[in-house]
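Chemist: One file is attached below, start_19.cif, containing mmCIF, C-alpha atoms.
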```cif
data_input
#
loop_
_atom_site.group_PDB
_atom_site.id
_atom_site.type_symbol
_atom_site.label_atom_id
_atom_site.label_comp_id
_atom_site.auth_asym_id
_atom_site.auth_seq_id
_atom_site.Cartn_x
_atom_site.Cartn_y
_atom_site.Cartn_z
ATOM 1 C CA MET M 23 0.000 0.000 0.000
ATOM 2 C CA ALA M 24 1.353 3.417 -0.987
ATOM 3 C CA ALA M 25 1.868 6.017 1.724
ATOM 4 C CA SER M 26 -0.644 8.848 1.824
ATOM 5 C CA SER M 27 0.427 12.440 1.279
ATOM 6 C CA SER M 28 -0.093 13.177 4.984
ATOM 7 C CA ASP M 29 2.160 10.216 5.907
ATOM 8 C CA LEU M 30 4.876 11.470 3.547
ATOM 9 C CA LEU M 31 4.756 15.017 4.873
ATOM 10 C CA THR M 32 6.695 14.328 8.060
ATOM 11 C CA PRO M 33 7.735 17.248 10.278
ATOM 12 C CA GLU M 34 11.145 17.297 8.535
ATOM 13 C CA VAL M 35 9.555 17.427 5.071
ATOM 14 C CA ARG M 36 7.087 20.106 6.174
ATOM 15 C CA ALA M 37 9.970 22.168 7.587
ATOM 16 C CA ALA M 38 11.896 21.869 4.303
ATOM 17 C CA LEU M 39 8.841 22.893 2.260
ATOM 18 C CA THR M 40 8.111 25.976 4.372
ATOM 19 C CA ALA M 41 11.662 27.257 4.971
ATOM 20 C CA GLY M 42 11.908 29.431 1.859
ATOM 21 C CA HIS M 43 13.947 27.112 -0.354
ATOM 22 C CA LEU M 44 13.348 27.698 -4.063
ATOM 23 C CA ALA M 45 11.765 24.666 -5.700
ATOM 24 C CA HIS M 46 12.491 23.377 -9.179
ATOM 25 C CA LEU M 47 9.085 22.396 -10.576
ATOM 26 C CA VAL M 48 9.132 19.826 -13.366
ATOM 27 C CA THR M 49 6.023 19.548 -15.540
ATOM 28 C CA LEU M 50 5.547 17.517 -18.702
ATOM 29 C CA GLU M 51 5.168 18.875 -22.216
ATOM 30 C CA ALA M 52 2.631 17.291 -24.580
ATOM 31 C CA ASP M 53 5.421 15.176 -26.113
ATOM 32 C CA GLY M 54 6.588 14.004 -22.662
ATOM 33 C CA THR M 55 9.704 16.155 -22.425
ATOM 34 C CA PRO M 56 10.292 17.889 -19.089
ATOM 35 C CA HIS M 57 9.747 21.605 -18.545
ATOM 36 C CA VAL M 58 11.573 23.027 -15.501
ATOM 37 C CA THR M 59 10.910 26.286 -13.724
ATOM 38 C CA ILE M 60 11.541 27.693 -10.262
ATOM 39 C CA VAL M 61 8.642 28.430 -7.909
ATOM 40 C CA TRP M 62 8.015 29.480 -4.340
ATOM 41 C CA VAL M 63 6.269 26.736 -2.377
ATOM 42 C CA GLY M 64 4.372 26.435 0.864
ATOM 43 C CA LEU M 65 1.809 24.167 2.446
ATOM 44 C CA ASP M 66 -1.961 24.268 2.682
ATOM 45 C CA GLY M 67 -2.846 21.331 4.899
ATOM 46 C CA ASP M 68 -1.419 18.244 3.188
ATOM 47 C CA GLU M 69 -0.983 19.942 -0.200
ATOM 48 C CA ILE M 70 2.124 21.688 -1.474
ATOM 49 C CA VAL M 71 1.066 24.996 -3.004
ATOM 50 C CA ALA M 72 2.512 27.512 -5.466
ATOM 51 C CA GLY M 73 0.894 30.634 -6.900
ATOM 52 C CA HIS M 74 0.889 31.908 -10.476
ATOM 53 C CA LEU M 75 -0.567 35.223 -11.599
ATOM 54 C CA GLY M 76 -0.972 34.141 -15.230
ATOM 55 C CA LEU M 77 -1.798 31.080 -17.296
ATOM 56 C CA HIS M 78 1.888 30.312 -17.717
ATOM 57 C CA HIS M 79 3.354 27.401 -19.657
ATOM 58 C CA LYS M 80 3.800 25.365 -16.464
ATOM 59 C CA VAL M 81 0.139 25.877 -15.531
ATOM 60 C CA ARG M 82 -1.067 24.716 -18.957
ATOM 61 C CA ASN M 83 1.242 21.697 -18.729
ATOM 62 C CA MET M 84 -0.223 20.688 -15.342
ATOM 63 C CA GLN M 85 -3.772 21.165 -16.606
ATOM 64 C CA ALA M 86 -2.987 18.696 -19.405
ATOM 65 C CA ASP M 87 -0.916 16.232 -17.354
ATOM 66 C CA PRO M 88 -0.938 16.453 -13.535
ATOM 67 C CA ARG M 89 2.303 14.509 -12.981
ATOM 68 C CA VAL M 90 4.961 16.755 -11.450
ATOM 69 C CA ALA M 91 8.225 16.645 -9.549
ATOM 70 C CA LEU M 92 9.709 19.192 -7.158
ATOM 71 C CA SER M 93 13.362 19.392 -6.172
ATOM 72 C CA LEU M 94 14.683 21.605 -3.361
ATOM 73 C CA GLU M 95 18.112 22.096 -1.847
ATOM 74 C CA THR M 96 17.295 22.107 1.858
ATOM 75 C CA GLY M 97 20.521 22.950 3.667
ATOM 76 C CA GLY M 98 22.538 20.623 5.830
ATOM 77 C CA ARG M 99 24.876 17.800 4.935
ATOM 78 C CA THR M 100 25.274 14.125 5.635
ATOM 79 C CA GLU M 101 28.213 12.809 7.624
ATOM 80 C CA HIS M 102 29.806 12.040 4.218
ATOM 81 C CA GLY M 103 29.517 15.645 3.028
ATOM 82 C CA LEU M 104 26.547 15.218 0.690
ATOM 83 C CA ASP M 105 24.171 18.196 0.563
ATOM 84 C CA HIS M 106 20.615 17.527 1.699
ATOM 85 C CA TYR M 107 17.919 17.861 -0.943
ATOM 86 C CA LEU M 108 14.295 16.835 -1.197
ATOM 87 C CA VAL M 109 12.513 15.446 -4.259
ATOM 88 C CA VAL M 110 8.719 15.195 -4.266
ATOM 89 C CA ASN M 111 6.881 13.293 -6.978
ATOM 90 C CA GLY M 112 3.168 13.874 -7.111
ATOM 91 C CA ARG M 113 0.061 15.027 -8.886
ATOM 92 C CA ALA M 114 -0.990 18.634 -9.281
ATOM 93 C CA ARG M 115 -4.392 20.187 -9.595
ATOM 94 C CA ILE M 116 -4.924 23.773 -10.612
ATOM 95 C CA THR M 117 -7.490 25.992 -8.908
ATOM 96 C CA GLU M 118 -8.464 29.440 -10.120
ATOM 97 C CA GLY M 119 -8.081 32.509 -7.945
ATOM 98 C CA GLY M 120 -6.219 33.239 -4.741
ATOM 99 C CA ALA M 121 -2.746 33.609 -6.245
ATOM 100 C CA PRO M 122 -2.064 37.176 -4.999
ATOM 101 C CA GLU M 123 -2.919 36.225 -1.420
ATOM 102 C CA LEU M 124 -0.784 33.069 -1.560
ATOM 103 C CA LEU M 125 2.112 34.920 -3.182
ATOM 104 C CA GLN M 126 1.921 37.611 -0.476
ATOM 105 C CA ARG M 127 2.082 34.923 2.228
ATOM 106 C CA LEU M 128 5.030 33.225 0.493
ATOM 107 C CA ALA M 129 6.786 36.571 -0.110
ATOM 108 C CA HIS M 130 7.070 37.009 3.669
ATOM 109 C CA VAL M 131 9.023 33.738 3.777
ATOM 110 C CA TYR M 132 11.099 34.226 0.613
ATOM 111 C CA LEU M 133 11.675 37.999 0.601
ATOM 112 C CA GLY M 134 11.032 39.327 4.105
ATOM 113 C CA PRO M 135 8.304 40.329 6.537
ATOM 114 C CA ASP M 136 7.715 43.838 5.159
ATOM 115 C CA VAL M 137 7.552 42.974 1.448
ATOM 116 C CA VAL M 138 4.419 43.707 -0.550
ATOM 117 C CA PHE M 139 3.950 41.215 -3.357
ATOM 118 C CA PRO M 140 2.853 41.264 -6.116
ATOM 119 C CA PRO M 141 4.516 44.686 -6.358
ATOM 120 C CA PHE M 142 1.724 46.344 -8.350
ATOM 121 C CA PRO M 143 -1.931 47.258 -7.719
ATOM 122 C CA ASP M 144 -4.860 45.018 -8.658
ATOM 123 C CA PRO M 145 -3.037 41.818 -9.643
ATOM 124 C CA PRO M 146 -5.048 39.185 -11.514
ATOM 125 C CA ALA M 147 -6.662 36.406 -9.449
ATOM 126 C CA GLY M 148 -4.334 33.889 -11.083
ATOM 127 C CA PHE M 149 -4.031 30.206 -10.275
ATOM 128 C CA ILE M 150 -2.859 28.006 -7.421
ATOM 129 C CA THR M 151 -1.062 24.727 -7.999
ATOM 130 C CA ARG M 152 -1.966 22.150 -5.350
ATOM 131 C CA ILE M 153 0.372 19.148 -5.306
ATOM 132 C CA THR M 154 -0.408 15.896 -3.552
ATOM 133 C CA ALA M 155 2.845 14.097 -2.737
ATOM 134 C CA GLU M 156 3.004 10.471 -3.891
ATOM 135 C CA SER M 157 6.652 9.649 -3.193
ATOM 136 C CA LEU M 158 9.780 11.274 -1.797
ATOM 137 C CA GLY M 159 13.434 11.033 -2.624
ATOM 138 C CA GLY M 160 16.677 12.883 -2.156
ATOM 139 C CA VAL M 161 19.246 13.006 0.599
ATOM 140 C CA GLY M 162 18.254 13.919 4.132
ATOM 141 C CA PRO M 163 15.991 12.759 6.943
ATOM 142 C CA TRP M 164 13.199 11.903 4.434
ATOM 143 C CA ALA M 165 15.355 9.461 2.427
ATOM 144 C CA SER M 166 14.522 5.821 2.825
#
```
Have the structure of the file written as C-alpha cells, please.
Modeler:
Amino acid sequence: MAASSSDLLTPEVRAALTAGHLAHLVTLEADGTPHVTIVWVGLDGDEIVAGHLGLHHKVRNMQADPRVALSLETGGRTEHGLDHYLVVNGRARITEGGAPELLQRLAHVYLGPDVVFPPFPDPPAGFITRITAESLGGVGPWAS
C-alpha cells in the first residue's frame, strides 16, 4: 500500500517545504519532455502549493498532465559531506483565484516580513497549484 500524502509530509519534510527554499518544478510537455521552472512553495494542509498570476506554460502543462516533480536544496549535509535535498513526486491540480494572497504569504518567507507582493496594484486572481505528494526522494531525513 502506498503512503498517503499526509504520511509522507513528516515534520522534517514540512519544515523543508516551508523554509523558503526555491523549488524546481518539473512539468511535462505534450510530447513528454520535461519543462523546468523555479517556484516558491508552501503548504496548505497536506498539499504543497505555489501561486501563479498568469496562465503560464507550467500551468497549462499541469492542466494537461498532472504529474509533477519538485526538487529543493534544503541545507545541511550528511556525515559524508553530501548536501541535503528533497525530491517530491506527485500530482498537481490547478485551482483558479487566490494567487495574490498566496504569493503575499510566500513573499514574507522568501523575501522578508515587510515585502508587498505582487509589487503592483490590482493583480489578476491567477491560479494556485496544489500538489499531492506520492513519493519522496533525495538526501536527508526523508530518504529511505
Chemist: Check the smallest atom-to-atom distance from each of M:Glu95, M:Glu156, M:Asp66, M:Glu118 to Arg36 (chain M) using only C-alpha atoms, then report the winner.
Modeler: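 Nearest candidate to Arg36 (chain M) out of M:Glu95, M:Glu156, M:Asp66, M:Glu118: M:Asp66.
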Chemist: Neighbouring residues of region 76-80 of chain M were defined as those with any atom within 10 Å, considering all atoms listed in the file; residues of the same chain fewer than 6 positions away were excluded. Please report them as a list in words.
Modeler: Leu47, Val48, Thr49, Leu50, Glu51, His57, Val58, Thr59, Ala86, Glu118, Ala121, Pro145, Pro146, Ala147, Gly148, Phe149 and Thr151 of chain M
Chemist: Export C-alpha atoms of the chosen residues as a PDB file, in the frame of the given file?
Modeler:
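Saved file again37.pdb follows:
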```
ATOM      1  CA  LEU M  47       9.085  22.396 -10.576  1.00  0.00           C
ATOM      2  CA  VAL M  48       9.132  19.826 -13.366  1.00  0.00           C
ATOM      3  CA  THR M  49       6.023  19.548 -15.540  1.00  0.00           C
ATOM      4  CA  LEU M  50       5.547  17.517 -18.702  1.00  0.00           C
ATOM      5  CA  GLU M  51       5.168  18.875 -22.216  1.00  0.00           C
ATOM      6  CA  HIS M  57       9.747  21.605 -18.545  1.00  0.00           C
ATOM      7  CA  VAL M  58      11.573  23.027 -15.501  1.00  0.00           C
ATOM      8  CA  THR M  59      10.910  26.286 -13.724  1.00  0.00           C
ATOM      9  CA  ALA M  86      -2.987  18.696 -19.405  1.00  0.00           C
ATOM     10  CA  GLU M 118      -8.464  29.440 -10.120  1.00  0.00           C
ATOM     11  CA  ALA M 121      -2.746  33.609  -6.245  1.00  0.00           C
ATOM     12  CA  PRO M 145      -3.037  41.818  -9.643  1.00  0.00           C
ATOM     13  CA  PRO M 146      -5.048  39.185 -11.514  1.00  0.00           C
ATOM     14  CA  ALA M 147      -6.662  36.406  -9.449  1.00  0.00           C
ATOM     15  CA  GLY M 148      -4.334  33.889 -11.083  1.00  0.00           C
ATOM     16  CA  PHE M 149      -4.031  30.206 -10.275  1.00  0.00           C
ATOM     17  CA  THR M 151      -1.062  24.727  -7.999  1.00  0.00           C
TER      18      THR M 151
END
```
Chemist: Do you know which residues are at most 12 Å from Arg113 (chain M) counting only C-alpha atoms, after dropping those on the same chain fewer than 6 positions away, and could you put them as a list in words?
Modeler: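 Within the cut-off, the hits are Ser27, Leu47, Val48, Thr49, Leu50, Glu69, Ile70, Val71, Asn83, Met84, Gln85, Ala86, Asp87, Pro88, Arg89, Val90, Ala91, Leu92, Thr151, Arg152, Ile153, Thr154, Ala155, Glu156 and Ser157 of chain M.
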Chemist: Let me know the residues the PyMOL selection byres ((chain M and resi 31) around 10) catches in the file above, as a PDB file with C-alpha atoms, in the coordinates of the input.
Modeler:
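To be explicit, this is the file written out as out_21.pdb:
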```pdb
ATOM      1  CA  ALA M  25       1.868   6.017   1.724  1.00  0.00           C
ATOM      2  CA  SER M  26      -0.644   8.848   1.824  1.00  0.00           C
ATOM      3  CA  SER M  27       0.427  12.440   1.279  1.00  0.00           C
ATOM      4  CA  SER M  28      -0.093  13.177   4.984  1.00  0.00           C
ATOM      5  CA  ASP M  29       2.160  10.216   5.907  1.00  0.00           C
ATOM      6  CA  LEU M  30       4.876  11.470   3.547  1.00  0.00           C
ATOM      7  CA  THR M  32       6.695  14.328   8.060  1.00  0.00           C
ATOM      8  CA  PRO M  33       7.735  17.248  10.278  1.00  0.00           C
ATOM      9  CA  GLU M  34      11.145  17.297   8.535  1.00  0.00           C
ATOM     10  CA  VAL M  35       9.555  17.427   5.071  1.00  0.00           C
ATOM     11  CA  ARG M  36       7.087  20.106   6.174  1.00  0.00           C
ATOM     12  CA  ALA M  37       9.970  22.168   7.587  1.00  0.00           C
ATOM     13  CA  ALA M  38      11.896  21.869   4.303  1.00  0.00           C
ATOM     14  CA  LEU M  39       8.841  22.893   2.260  1.00  0.00           C
ATOM     15  CA  LEU M  65       1.809  24.167   2.446  1.00  0.00           C
ATOM     16  CA  GLY M  67      -2.846  21.331   4.899  1.00  0.00           C
ATOM     17  CA  ASP M  68      -1.419  18.244   3.188  1.00  0.00           C
ATOM     18  CA  GLU M  69      -0.983  19.942  -0.200  1.00  0.00           C
ATOM     19  CA  ILE M  70       2.124  21.688  -1.474  1.00  0.00           C
ATOM     20  CA  VAL M 110       8.719  15.195  -4.266  1.00  0.00           C
ATOM     21  CA  THR M 154      -0.408  15.896  -3.552  1.00  0.00           C
ATOM     22  CA  ALA M 155       2.845  14.097  -2.737  1.00  0.00           C
ATOM     23  CA  SER M 157       6.652   9.649  -3.193  1.00  0.00           C
ATOM     24  CA  LEU M 158       9.780  11.274  -1.797  1.00  0.00           C
ATOM     25  CA  TRP M 164      13.199  11.903   4.434  1.00  0.00           C
TER      26      TRP M 164
END
```
Chemist: Name the residues in contact with Pro140 (chain M) at a cut-off of 8 Å, using all atoms listed in the file, excluding same-chain residues fewer than 3 positions from it; report them as number ranges by chain.
Modeler: M: 122, 125-126, 143, 145
Chemist: Could you please determine the separation between CA of Gly134 (chain M) and CA of Val81 (chain M) in Å, to one decimal place?
Modeler: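 Atom-to-atom, CA of Gly134 (chain M) and CA of Val81 (chain M) are spaced 26.2 Å apart.
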Chemist: Considering only C-alpha atoms, can you say which of M:His102, M:Asp53, M:Val63, M:Ala45 comes closest to His130 (chain M)?
Modeler: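 Of M:His102, M:Asp53, M:Val63, M:Ala45, the one nearest His130 (chain M) is M:Val63, counting only C-alpha atoms.
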Chemist: Taking all atoms listed in the file into account, which of M:Val131, M:Ala165, M:Thr40, M:Gly159 comes nearest Gly112 (chain M)?
Modeler: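 Closest to Gly112 (chain M), using all atoms listed in the file: M:Gly159.
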